[in-house]
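Single-structure report; data block below.
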Amino acid sequence: MASNRMRRIGKEIADIHADAHSQIKAEPFGNQDDVTHLRGSFPGPPGTPYEGGTYNIDIKIPTDYPFRPPTMKFETKVWHPNVSSQTGAICLDTLSTAWSPVLTIKSALLSLQSLLSTPEPKDPQDAEVANMLLKSPKEFERVARDWAVVYAGAPASADNGSGSSIDDTRQGAGEDSLAKYDGYNKNLIDRFSSMGFDVDRVVAAFRHVGVERRGGQDYELEENSMGEIAARLLGE
Amino acid sequence: MKVTIKEWNAVATWHWDIPEDEVCGICRVQFDGTCPTCKFPGDDCALVQGRCNHAFHMHCLMTWIDLETSKGLCPMCRQKFEWKDKE
């Protein structure tokens, strides 16, 4: 049974390698000889807030694979009603009750990619995200996009530009609130505060990580700093 | 010239009556090969075909059907898996 599993996983990985078109990847997670713990990845689907991001998936293959489904969870943080924003746990029937042994690691990764473009808030894994999607879809889209930029490496795109123009009008309304930003560029801070963190906490995190103020200019933060800030905000 | 045949050896090949390059959807091994638990292809490691026309190594399919989670469904089309009667 065990060698059966190994043989099939080996074939599946080779098959994924051979297909460059889908941009789906799967490699051993750590130890190259251990094919029971893989890291898969796929690009965020176009036309969604996740576009341009790369999503890593932690894949564990059970001993009775392919008769039982692989255990998958998002390693990359994602703002999506069917994925826990805290743990990355996924709610998808094909990975549980609707699994079939003819499905593969690649087909499961493709299902996850398509799950990102078809959020199902009525069967949520993360109630907070699902509520946001139902009550204020615009805000959901903005947070999903911000998370894609911060965690999945999606480029800060034109969407963000329009977001900041809204912020600019708010800025005119209360000039004194700018003091809270402690000399940091407002857009820089707002990219984090828009995820639901208080401006004060974001500024404190910036100070803690030692982000440069650069005279209040807006600039692209290094990936390292972004990770550290996010970790600080999430209390990790 | 007269040739007298003193001895002869017959050699034959066989394959299942389905397209040669098809693999079992469960183990991904060619149908003419064995399921992962068998050593010799042929009668010892037979194929099954359902009414839905989907075929598998019998051992692969039985492992699946025996699981409660299979609900007795064909892995390919999720219809109830029923043995196809020989014509």
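We name chains A, B, ... following the order of the structure tokens; residues begin at 1 in each chain, and ligands are numbered from 1 as shown.
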
Please, which residues of chain B lie no more than 6 Å from chain A when the count uses only C-alpha atoms, and can they be set out as a CSV table (one decimal) with N, CA, C and O atoms, in the first residue's frame?
```
chain,number,residue,atom,x,y,z
B,25,GLY,N,-7.8,4.9,-13.4
B,25,GLY,CA,-7.9,6.2,-12.8
B,25,GLY,C,-7.5,6.2,-11.3
B,25,GLY,O,-7.1,7.3,-10.8
B,26,ILE,N,-7.5,5.1,-10.7
B,26,ILE,CA,-7.2,5.1,-9.2
B,26,ILE,C,-5.7,4.9,-9.0
B,26,ILE,O,-5.2,5.7,-8.3
B,36,PRO,N,-1.4,-2.1,-7.9
B,36,PRO,CA,-0.2,-2.0,-7.1
B,36,PRO,C,0.0,-3.2,-6.1
B,36,PRO,O,1.1,-3.4,-5.7
B,75,PRO,N,-15.9,6.3,-9.0
B,75,PRO,CA,-15.0,7.5,-8.7
B,75,PRO,C,-15.0,8.5,-9.9
B,75,PRO,O,-14.7,9.7,-9.6
```

Exercise. In chain B, what's helix (DSSP H, G or I) per DSSP? Answer as a list of chain:residue names?
Worked result: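 These are the residues in question: B:Met58, B:His59, B:Cys60, B:Leu61, B:Met62, B:Thr63, B:Trp64, B:Ile65, B:Glu68, B:Thr69, B:Ser70.
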
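Residue-level DSSP output for chain B, from the backbone, shows strand (DSSP E) at Leu47, Val48, Gln49, Ala55, Phe56 and His57 of chain B.
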
For this session: Name all residues at most 9 Å from Thr87 (chain A) (count only C-alpha atoms; drop same-chain ones fewer than 6 positions away) and give them as a VMD selection string.
Result: chain A and resid 73 to 75 77

For this session: Determine the nearest neighbour of Cys24 (chain B) from the options B:Met1, B:Met76, B:Val11, B:Ile65, counting only C-alpha atoms.
Result: B:Met76

For this session: Please provide as a PyMOL selection string all residues within 8 Å of Phe81 (chain B), with the sequence filter that same-chain residues fewer than 5 positions apart are discarded (counting only C-alpha atoms).
Result: chain B and resi 50-52+72-74

Problem set entry | For Pro19 (chain B): contacts at 12 Å, only C-alpha atoms, fewer than 5 positions along chain excluded, given as a ChimeraX atom specification | /B:24,30-32,55

Could you write those residues out with C-alpha atoms, as a PDB file, in the first residue's frame?
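The result, stored in selection.pdb:
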```
ATOM      1  CA  CYS B  24      -6.621   2.929 -14.156  1.00  0.00           C
ATOM      2  CA  GLN B  30      -1.849   0.979 -17.329  1.00  0.00           C
ATOM      3  CA  PHE B  31      -4.694  -1.491 -17.432  1.00  0.00           C
ATOM      4  CA  ASP B  32      -2.407  -4.104 -18.966  1.00  0.00           C
ATOM      5  CA  ALA B  55     -13.152   0.701 -15.919  1.00  0.00           C
TER       6      ALA B  55
END
```

For this session: Could you please determine the separation between CA of Cys27 (chain B) and CA of His59 (chain B) in Å, to one decimal place?
Result: 10.1 Å

Exercise. So how many Å separate CA of Val78 (chain A) and CA of Ala205 (chain A), to one decimal?
Worked result: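 One can read the CA of Val78 (chain A) to CA of Ala205 (chain A) distance as 21.0 Å.
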
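Residues within 7 Å of Lys25 (chain A), counting only C-alpha atoms and excluding same-chain residues fewer than 5 positions away, are Ile16, Gly40, Ser41 and Phe42 of chain A.
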